[in-house]
>>> print(open('entry.tsv').read())   # TSV, C-alpha atoms
chain	number	residue	atom	x	y	z
V	1	MET	CA	128.04	95.43	125.06
V	2	GLY	CA	125.80	97.92	123.36
V	3	LYS	CA	122.07	97.48	122.90
V	4	LEU	CA	120.07	97.87	119.70
V	5	TYR	CA	116.81	99.77	120.23
V	6	LEU	CA	114.02	99.56	117.66
V	7	VAL	CA	112.26	102.88	118.18
V	8	ALA	CA	108.81	103.49	116.70
V	9	THR	CA	108.32	107.06	115.51
V	10	PRO	CA	105.22	108.96	114.33
V	11	ILE	CA	103.59	107.96	111.05
V	12	GLY	CA	102.40	111.53	110.58
V	13	ASN	CA	101.39	113.48	113.66
V	14	LEU	CA	104.58	114.35	115.56
V	15	GLU	CA	102.70	114.16	118.86
V	16	ASP	CA	102.39	110.39	118.44
V	17	VAL	CA	105.71	109.54	120.05
V	18	SER	CA	106.11	108.06	123.50
V	19	ALA	CA	108.08	109.55	126.38
V	20	ARG	CA	110.14	106.36	126.43
V	21	ALA	CA	111.01	106.69	122.73
V	22	LEU	CA	112.20	110.25	123.27
V	23	ARG	CA	114.29	109.21	126.29
V	24	VAL	CA	115.94	106.42	124.31
V	25	LEU	CA	116.68	108.75	121.38
V	26	GLN	CA	118.20	111.19	123.87
V	27	ASP	CA	120.37	108.57	125.59
V	28	VAL	CA	121.73	106.39	122.77
V	29	HIS	CA	125.11	107.04	121.18
V	30	MET	CA	123.93	106.68	117.58
V	31	VAL	CA	120.68	106.80	115.61
V	32	ALA	CA	120.46	104.79	112.39
V	33	CYS	CA	117.81	106.42	110.17
V	34	GLU	CA	115.95	105.62	106.98
V	35	ASP	CA	116.03	109.38	106.31
V	36	THR	CA	118.41	111.49	108.44
V	37	ARG	CA	116.70	114.77	107.50
V	38	HIS	CA	113.30	113.42	108.49
V	39	THR	CA	114.63	112.15	111.82
V	40	GLN	CA	116.36	115.45	112.48
V	41	VAL	CA	112.98	117.20	112.30
V	42	LEU	CA	111.64	114.92	115.04
V	43	LEU	CA	114.73	115.40	117.22
V	44	ARG	CA	114.61	119.19	116.90
V	45	ARG	CA	110.87	119.24	117.62
V	46	HIS	CA	111.53	117.56	120.96
V	47	GLU	CA	114.76	119.44	121.69
V	48	ILE	CA	116.95	116.36	121.62
V	49	ARG	CA	120.61	117.33	121.43
V	50	ALA	CA	122.81	116.59	118.43
V	51	LYS	CA	123.34	112.90	117.78
V	52	HIS	CA	125.54	110.71	115.67
V	53	LEU	CA	123.07	110.14	112.84
V	54	THR	CA	123.80	107.60	110.14
V	55	SER	CA	121.84	106.47	107.12
V	56	TYR	CA	120.38	102.94	107.06
V	57	THR	CA	118.29	102.31	103.94
V	58	ASP	CA	117.28	99.68	101.40
V	59	ALA	CA	120.18	100.87	99.24
V	60	ASN	CA	122.99	100.63	101.81
V	61	HIS	CA	121.84	98.25	104.55
V	62	ARG	CA	123.99	95.32	103.45
V	63	ARG	CA	127.22	97.20	104.09
V	64	LYS	CA	125.87	99.22	107.04
V	65	VAL	CA	125.00	96.14	109.11
V	66	ALA	CA	128.66	95.34	109.81
V	67	GLU	CA	129.38	98.97	110.67
V	68	LEU	CA	126.50	99.21	113.13
V	69	VAL	CA	127.27	95.87	114.76
V	70	GLY	CA	130.82	97.17	115.14
V	71	GLN	CA	129.47	100.18	117.05
V	72	LEU	CA	127.48	97.83	119.29
V	73	ASP	CA	130.64	95.78	119.86
V	74	ARG	CA	132.49	98.86	121.10
V	75	GLY	CA	129.74	99.43	123.67
V	76	TRP	CA	127.63	102.01	121.87
V	77	ASP	CA	123.86	101.86	122.18
V	78	VAL	CA	122.21	102.29	118.76
V	79	ALA	CA	118.62	103.26	117.97
V	80	LEU	CA	117.13	102.19	114.66
V	81	VAL	CA	114.29	104.33	113.30
V	82	SER	CA	112.40	104.31	110.03
V	83	ALA	CA	111.02	107.37	108.28
V	84	ALA	CA	107.68	106.61	109.93
V	85	GLY	CA	106.28	103.92	112.17
V	86	THR	CA	107.96	100.80	113.56
V	87	PRO	CA	111.38	99.84	112.15
V	88	GLY	CA	111.92	96.26	111.06
V	89	LEU	CA	108.37	95.95	109.71
V	90	SER	CA	108.46	95.73	105.91
V	91	ASP	CA	111.89	97.40	105.82
V	92	PRO	CA	115.55	96.27	105.95
V	93	GLY	CA	115.73	96.53	109.75
V	94	GLU	CA	115.25	92.79	110.15
V	95	ARG	CA	118.75	92.13	108.75
V	96	LEU	CA	120.32	94.36	111.42
V	97	VAL	CA	118.23	92.76	114.17
V	98	ARG	CA	119.38	89.28	113.14
V	99	ALA	CA	123.03	90.36	112.96
V	100	ALA	CA	122.86	92.04	116.38
V	101	ILE	CA	121.33	88.93	117.96
V	102	ASP	CA	123.91	86.67	116.32
V	103	ALA	CA	126.67	88.91	117.72
V	104	GLY	CA	125.26	88.53	121.24
V	105	HIS	CA	123.67	91.96	121.63
V	106	GLU	CA	120.37	92.66	123.33
V	107	VAL	CA	117.62	93.95	121.04
V	108	VAL	CA	114.95	96.11	122.68
V	109	ALA	CA	111.69	97.10	120.98
V	110	VAL	CA	110.29	100.50	121.92
V	111	PRO	CA	106.75	100.12	120.56
V	112	GLY	CA	104.56	102.81	119.11
V	113	PRO	CA	102.86	103.83	115.86
V	114	ALA	CA	102.41	101.37	113.00
V	115	ALA	CA	100.26	102.18	109.99
V	116	ALA	CA	99.24	98.53	109.57
V	117	ILE	CA	97.77	98.30	113.07
V	118	ALA	CA	96.15	101.74	112.93
V	119	ALA	CA	94.43	100.90	109.64
V	120	LEU	CA	93.35	97.46	110.85
V	121	VAL	CA	91.66	98.60	114.06
V	122	ALA	CA	89.91	101.52	112.32
V	123	SER	CA	88.80	99.51	109.29
V	124	GLY	CA	85.69	98.00	110.82
V	125	LEU	CA	86.83	94.60	109.55
V	126	PRO	CA	87.61	91.52	111.71
V	127	THR	CA	90.75	91.91	113.82
V	128	ARG	CA	90.97	88.61	115.72
V	129	GLU	CA	93.13	86.96	113.05
V	130	PHE	CA	95.02	88.86	110.38
V	131	THR	CA	97.92	88.50	107.98
V	132	PHE	CA	100.34	91.34	107.27
V	133	VAL	CA	102.14	91.06	103.95
V	134	GLY	CA	103.74	94.48	103.44
V	135	PHE	CA	104.11	95.49	99.79
V	136	VAL	CA	102.81	92.95	97.27
V	137	GLU	CA	103.79	91.97	93.74
V	138	LYS	CA	103.78	94.76	91.14
V	139	LYS	CA	102.71	92.56	88.21
V	140	SER	CA	99.06	91.62	87.88
V	141	GLY	CA	99.48	87.86	87.39
V	142	PRO	CA	101.54	87.11	90.50
V	143	ARG	CA	99.54	89.69	92.46
V	144	ARG	CA	96.23	88.00	91.61
V	145	ARG	CA	97.57	84.62	92.65
V	146	LEU	CA	98.82	86.05	95.95
V	147	LEU	CA	95.53	87.83	96.67
V	148	GLU	CA	93.54	84.71	95.82
V	149	ARG	CA	95.62	82.62	98.22
V	150	LEU	CA	95.46	85.18	101.02
V	151	VAL	CA	91.70	85.64	100.77
V	152	ALA	CA	91.19	81.86	100.67
V	153	GLU	CA	92.96	81.55	104.04
V	154	GLY	CA	90.03	83.39	105.63
V	155	ARG	CA	91.99	85.91	107.70
V	156	THR	CA	91.87	89.67	107.35
V	157	VAL	CA	94.78	90.89	105.19
V	158	VAL	CA	96.73	94.10	105.76
V	159	LEU	CA	99.10	95.37	103.10
V	160	TYR	CA	100.91	98.48	101.94
V	161	GLU	CA	100.67	99.77	98.40
V	162	SER	CA	101.98	102.61	96.28
V	163	PRO	CA	99.21	105.14	95.55
V	164	TYR	CA	99.97	104.65	91.85
V	165	ARG	CA	99.01	100.95	92.00
V	166	VAL	CA	96.00	101.03	94.34
V	167	ALA	CA	93.39	100.94	91.55
V	168	ASP	CA	95.16	98.07	89.77
V	169	LEU	CA	95.47	96.04	92.96
V	170	LEU	CA	91.79	96.53	93.78
V	171	ALA	CA	90.82	95.56	90.23
V	172	ASP	CA	92.79	92.32	90.65
V	173	LEU	CA	91.07	91.72	93.97
V	174	ALA	CA	87.68	92.31	92.35
V	175	ALA	CA	88.55	89.66	89.76
V	176	VAL	CA	89.49	86.95	92.30
V	177	ALA	CA	87.26	87.83	95.28
V	178	PRO	CA	84.45	90.20	94.29
V	179	PRO	CA	82.49	89.80	97.58
V	180	ALA	CA	85.48	90.80	99.73
V	181	ARG	CA	85.21	93.88	101.93
V	182	VAL	CA	87.94	96.51	101.75
V	183	ALA	CA	89.09	99.57	103.67
V	184	VAL	CA	91.64	101.90	102.08
V	185	ALA	CA	93.41	104.04	104.70
V	186	ARG	CA	95.34	107.04	103.45
V	187	GLU	CA	97.63	109.52	105.22
V	188	LEU	CA	96.88	108.11	108.67
V	189	THR	CA	97.27	110.61	111.56
V	190	LYS	CA	97.92	113.44	109.07
V	191	LEU	CA	95.70	116.40	108.17
V	192	LEU	CA	94.29	114.64	105.10
V	193	GLU	CA	93.63	111.30	106.85
V	194	GLU	CA	90.93	109.28	105.11
V	195	ILE	CA	89.50	105.77	105.38
V	196	VAL	CA	87.22	104.68	102.54
V	197	ARG	CA	85.31	101.40	102.80
V	198	GLY	CA	83.55	99.37	100.11
V	199	SER	CA	83.78	96.49	97.67
V	200	PRO	CA	86.89	95.88	95.55
V	201	ALA	CA	85.07	96.92	92.36
V	202	GLU	CA	83.67	100.11	93.90
V	203	LEU	CA	87.00	101.22	95.25
V	204	ALA	CA	88.90	100.20	92.10
V	205	ALA	CA	86.62	102.49	90.07
V	206	ARG	CA	86.99	105.31	92.60
V	207	TYR	CA	90.79	105.27	92.57
V	208	ALA	CA	91.05	104.68	88.82
V	209	ALA	CA	89.14	107.93	88.36
V	210	VAL	CA	91.03	109.86	91.05
V	211	PRO	CA	94.29	108.22	92.16
V	212	PRO	CA	94.96	108.58	95.90
V	213	LYS	CA	97.83	110.63	97.23
V	214	GLY	CA	100.16	109.87	100.12
V	215	GLU	CA	100.82	106.72	102.14
V	216	VAL	CA	98.23	103.98	101.61
V	217	THR	CA	97.38	100.93	103.73
V	218	ILE	CA	94.75	98.47	102.47
V	219	VAL	CA	92.74	96.12	104.72
V	220	ILE	CA	90.89	93.22	103.11
V	221	SER	CA	88.34	90.90	104.71
V	222	ALA	CA	87.48	87.59	103.07
V	223	PRO	CA	83.87	87.16	101.95
>>> encode(input="entry.tsv", output="structure tokens")
Amino acid sequence: MGKLYLVATPIGNLEDVSARALRVLQDVHMVACEDTRHTQVLLRRHEIRAKHLTSYTDANHRRKVAELVGQLDRGWDVALVSAAGTPGLSDPGERLVRAAIDAGHEVVAVPGPAAAIAALVASGLPTREFTFVGFVEKKSGPRRRLLERLVAEGRTVVLYESPYRVADLLADLAAVAPPARVAVARELTKLLEEIVRGSPAELAARYAAVPPKGEVTIVISAP
């Protein structure tokens, strides 16, 4: 019976990968990737020999689950990696994990980088209790209702957002919870890494004037 490994990979800096992750990527029979070209860069950087690489994305995961479970059934060990960070967190990996467990296979997490955790601990906001919600609603009405509910729960909130919607999201937050404290983390571990802290209104104005670039994680603390 093959094992499914959930291997965390760097979110930017290629040095942020564990020795265990590299060993697993070297030893498994197949690597299922969100972006095969991106993963190939990591493998070449660490001189990991050619692998069976296969695509596993939002677009194809429904049909790929059966194929990958079939490989596990034949005794192959499979590593699942995302383009960056920990697979299965705000991506389609959870469907494969559930299918592998249901088929009787062992699932092994190989922990490592996660943008949500990196942003949270560097935000300066409370970390004892937090809620991770991934990407939120794109439309203002549902987004405001979600933000209002999350802030009312009193825990720190961590979410991902497209750089094109950061200003709109912060404007919605300013409307429902103006005293909240916010940290916007951008391009974590990369050359242009930046964490900007302030009120929702301040940061909404900042990013409306100059939209951010790159990967964005937002941390919100209730007033």
>>> closest_atom_pairs(input="entry.tsv", of="range 34-136 of chain V", to="range 186-204 of chain V", cutoff="12 Å", atoms="all atoms listed in the file", output="Markdown table")
| residue | atom | partner | partner_atom | distance |
| --- | --- | --- | --- | --- |
| V:Ala84 | CA | V:Leu188 | CA | 11.0 |
| V:Gly85 | CA | V:Leu188 | CA | 10.9 |
| V:Pro113 | CA | V:Thr189 | CA | 9.8 |
| V:Ala114 | CA | V:Leu188 | CA | 9.7 |
| V:Ala115 | CA | V:Leu188 | CA | 7.0 |
| V:Ala116 | CA | V:Leu188 | CA | 9.9 |
| V:Ile117 | CA | V:Leu188 | CA | 10.8 |
| V:Ala118 | CA | V:Leu188 | CA | 7.7 |
| V:Ala119 | CA | V:Leu188 | CA | 7.7 |
| V:Leu120 | CA | V:Ile195 | CA | 10.7 |
| V:Val121 | CA | V:Ile195 | CA | 11.5 |
| V:Ala122 | CA | V:Ile195 | CA | 8.1 |
| V:Ser123 | CA | V:Ile195 | CA | 7.4 |
| V:Gly124 | CA | V:Arg197 | CA | 8.7 |
| V:Leu125 | CA | V:Arg197 | CA | 9.7 |
>>> atom_distance(input="entry.tsv", atom1="CA of Val158 in chain V", atom2="CA of Val219 in chain V")
4.6 Å
>>> atom_distance(input="entry.tsv", atom1="CA of Arg155 in chain V", atom2="CA of Leu170 in chain V")
17.5 Å
>>> residues_around(input="entry.tsv", residues="Val107 in chain V", least_positions_apart="2", cutoff="8 Å", atoms="only C-alpha atoms", output="short mmCIF file (atom, residue, chain, number, x, y, z; two decimals) with C-alpha atoms, in the coordinates of the input")
data_model
loop_
_atom_site.label_atom_id
_atom_site.label_comp_id
_atom_site.auth_asym_id
_atom_site.auth_seq_id
_atom_site.Cartn_x
_atom_site.Cartn_y
_atom_site.Cartn_z
CA LYS V 3 122.07 97.48 122.90
CA LEU V 4 120.07 97.87 119.70
CA TYR V 5 116.81 99.77 120.23
CA LEU V 6 114.02 99.56 117.66
CA VAL V 97 118.23 92.76 114.17
CA ALA V 100 122.86 92.04 116.38
CA ILE V 101 121.33 88.93 117.96
CA HIS V 105 123.67 91.96 121.63
CA ALA V 109 111.69 97.10 120.98
#
>>> closest_residue(input="entry.tsv", among="V:Ala209, V:Ala222, V:Val166, V:Ala103", to="Gln71 in chain V", atoms="all atoms listed in the file")
V:Ala103
>>> atom_distance(input="entry.tsv", atom1="CA of Ser82 in chain V", atom2="CA of Tyr56 in chain V")
8.6 Å
>>> closest_residue(input="entry.tsv", among="V:Val210, V:Leu53, V:Val151, V:Cys33", to="Ala8 in chain V", atoms="only C-alpha atoms")
V:Cys33
>>> residues_around(input="entry.tsv", residues="Thr9 in chain V", least_positions_apart="5", cutoff="9 Å", atoms="all atoms listed in the file", output="ChimeraX atom specification")
/V:14,16-18,21,39,42,81-87,111-114
>>> closest_residue(input="entry.tsv", among="V:Leu146, V:Val7, V:Ala174, V:Val133", to="Thr217 in chain V", atoms="only C-alpha atoms")
V:Val133
>>> closest_residue(input="entry.tsv", among="V:Leu22, V:Pro179, V:Gly88, V:Ser55", to="Arg37 in chain V", atoms="only C-alpha atoms")
V:Ser55
>>> residues_around(input="entry.tsv", residues="Glu67 in chain V", least_positions_apart="3", cutoff="12 Å", atoms="all atoms listed in the file", output="list in words")
Met30, Ala32, Thr54, Ser55, Tyr56, Asn60, His61, Arg62, Arg63, Lys64, Gly70, Gln71, Leu72, Asp73, Arg74, Trp76, Val78, Leu96, Ala99 and Ala100 of chain V
>>> axis_aligned_box(input="entry.tsv", around="range 202-209 of chain V", padding_each_side="8 Å", output="AutoDock Vina command-line options")
--center_x 87.4 --center_y 104.0 --center_z 91.8 --size_x 23.4 --size_y 23.8 --size_z 22.9
>>> closest_residue(input="entry.tsv", among="V:Asp27, V:Glu148, V:Glu106, V:Glu137", to="Gly2 in chain V", atoms="only C-alpha atoms")
V:Glu106
>>> residues_around(input="entry.tsv", residues="Arg49 in chain V", least_positions_apart="2", cutoff="12 Å", atoms="only C-alpha atoms", output="list in words")
Leu22, Arg23, Leu25, Gln26, Asp27, Val28, His29, Met30, Gln40, Val41, Leu42, Leu43, Arg44, Arg45, His46, Glu47, Lys51, His52 and Leu53 of chain V
>>> closest_residue(input="entry.tsv", among="V:Asp168, V:Asp58, V:Glu129, V:Glu34", to="Pro92 in chain V", atoms="only C-alpha atoms")
V:Asp58
>>> decode(input="entry.tsv", residues="range 61-83 of chain V", atoms="N, CA and C atoms", output="JSON list (two decimals), in the first residue's frame")
[["chain", "number", "residue", "atom", "x", "y", "z"],
["V", 61, "HIS", "N", -8.62, 18.38, -10.60],
["V", 61, "HIS", "CA", -8.48, 17.50, -9.43],
["V", 61, "HIS", "C", -9.59, 16.46, -9.32],
["V", 62, "ARG", "N", -10.77, 16.75, -9.83],
["V", 62, "ARG", "CA", -11.86, 15.78, -9.68],
["V", 62, "ARG", "C", -11.55, 14.47, -10.42],
["V", 63, "ARG", "N", -10.97, 14.58, -11.60],
["V", 63, "ARG", "CA", -10.63, 13.35, -12.33],
["V", 63, "ARG", "C", -9.29, 12.78, -11.90],
["V", 64, "LYS", "N", -8.38, 13.63, -11.37],
["V", 64, "LYS", "CA", -7.06, 13.15, -11.00],
["V", 64, "LYS", "C", -7.08, 12.36, -9.70],
["V", 65, "VAL", "N", -8.07, 12.59, -8.84],
["V", 65, "VAL", "CA", -8.12, 11.88, -7.57],
["V", 65, "VAL", "C", -8.12, 10.38, -7.79],
["V", 66, "ALA", "N", -8.98, 9.89, -8.67],
["V", 66, "ALA", "CA", -9.07, 8.44, -8.92],
["V", 66, "ALA", "C", -7.75, 7.91, -9.47],
["V", 67, "GLU", "N", -7.11, 8.67, -10.35],
["V", 67, "GLU", "CA", -5.84, 8.25, -10.92],
["V", 67, "GLU", "C", -4.77, 8.13, -9.84],
["V", 68, "LEU", "N", -4.69, 9.10, -8.96],
["V", 68, "LEU", "CA", -3.65, 9.09, -7.94],
["V", 68, "LEU", "C", -3.92, 8.02, -6.88],
["V", 69, "VAL", "N", -5.17, 7.83, -6.52],
["V", 69, "VAL", "CA", -5.49, 6.74, -5.59],
["V", 69, "VAL", "C", -5.16, 5.40, -6.23],
["V", 70, "GLY", "N", -5.34, 5.29, -7.53],
["V", 70, "GLY", "CA", -4.95, 4.08, -8.25],
["V", 70, "GLY", "C", -3.45, 3.82, -8.14],
["V", 71, "GLN", "N", -2.65, 4.87, -8.23],
["V", 71, "GLN", "CA", -1.19, 4.72, -8.06],
["V", 71, "GLN", "C", -0.85, 4.27, -6.64],
["V", 72, "LEU", "N", -1.55, 4.83, -5.67],
["V", 72, "LEU", "CA", -1.35, 4.39, -4.28],
["V", 72, "LEU", "C", -1.73, 2.92, -4.12],
["V", 73, "ASP", "N", -2.81, 2.52, -4.77],
["V", 73, "ASP", "CA", -3.26, 1.12, -4.69],
["V", 73, "ASP", "C", -2.22, 0.15, -5.25],
["V", 74, "ARG", "N", -1.47, 0.59, -6.25],
["V", 74, "ARG", "CA", -0.47, -0.30, -6.85],
["V", 74, "ARG", "C", 0.84, -0.30, -6.05],
["V", 75, "GLY", "N", 0.85, 0.46, -4.95],
["V", 75, "GLY", "CA", 2.01, 0.46, -4.08],
["V", 75, "GLY", "C", 2.94, 1.63, -4.24],
["V", 76, "TRP", "N", 2.57, 2.59, -5.09],
["V", 76, "TRP", "CA", 3.42, 3.76, -5.28],
["V", 76, "TRP", "C", 3.21, 4.75, -4.13],
["V", 77, "ASP", "N", 4.31, 5.34, -3.66],
["V", 77, "ASP", "CA", 4.23, 6.47, -2.75],
["V", 77, "ASP", "C", 4.10, 7.74, -3.59],
["V", 78, "VAL", "N", 3.18, 8.62, -3.18],
["V", 78, "VAL", "CA", 2.90, 9.84, -3.93],
["V", 78, "VAL", "C", 3.09, 11.04, -3.01],
["V", 79, "ALA", "N", 3.79, 12.06, -3.48],
["V", 79, "ALA", "CA", 3.92, 13.33, -2.76],
["V", 79, "ALA", "C", 3.03, 14.36, -3.43],
["V", 80, "LEU", "N", 2.25, 15.06, -2.63],
["V", 80, "LEU", "CA", 1.44, 16.16, -3.13],
["V", 80, "LEU", "C", 2.10, 17.47, -2.72],
["V", 81, "VAL", "N", 2.33, 18.35, -3.69],
["V", 81, "VAL", "CA", 2.90, 19.67, -3.40],
["V", 81, "VAL", "C", 2.06, 20.74, -4.08],
["V", 82, "SER", "N", 1.99, 21.90, -3.45],
["V", 82, "SER", "CA", 1.35, 23.04, -4.09],
["V", 82, "SER", "C", 2.43, 23.92, -4.71],
["V", 83, "ALA", "N", 2.03, 24.98, -5.38],
["V", 83, "ALA", "CA", 3.02, 25.87, -5.98],
["V", 83, "ALA", "C", 3.88, 26.50, -4.91]]
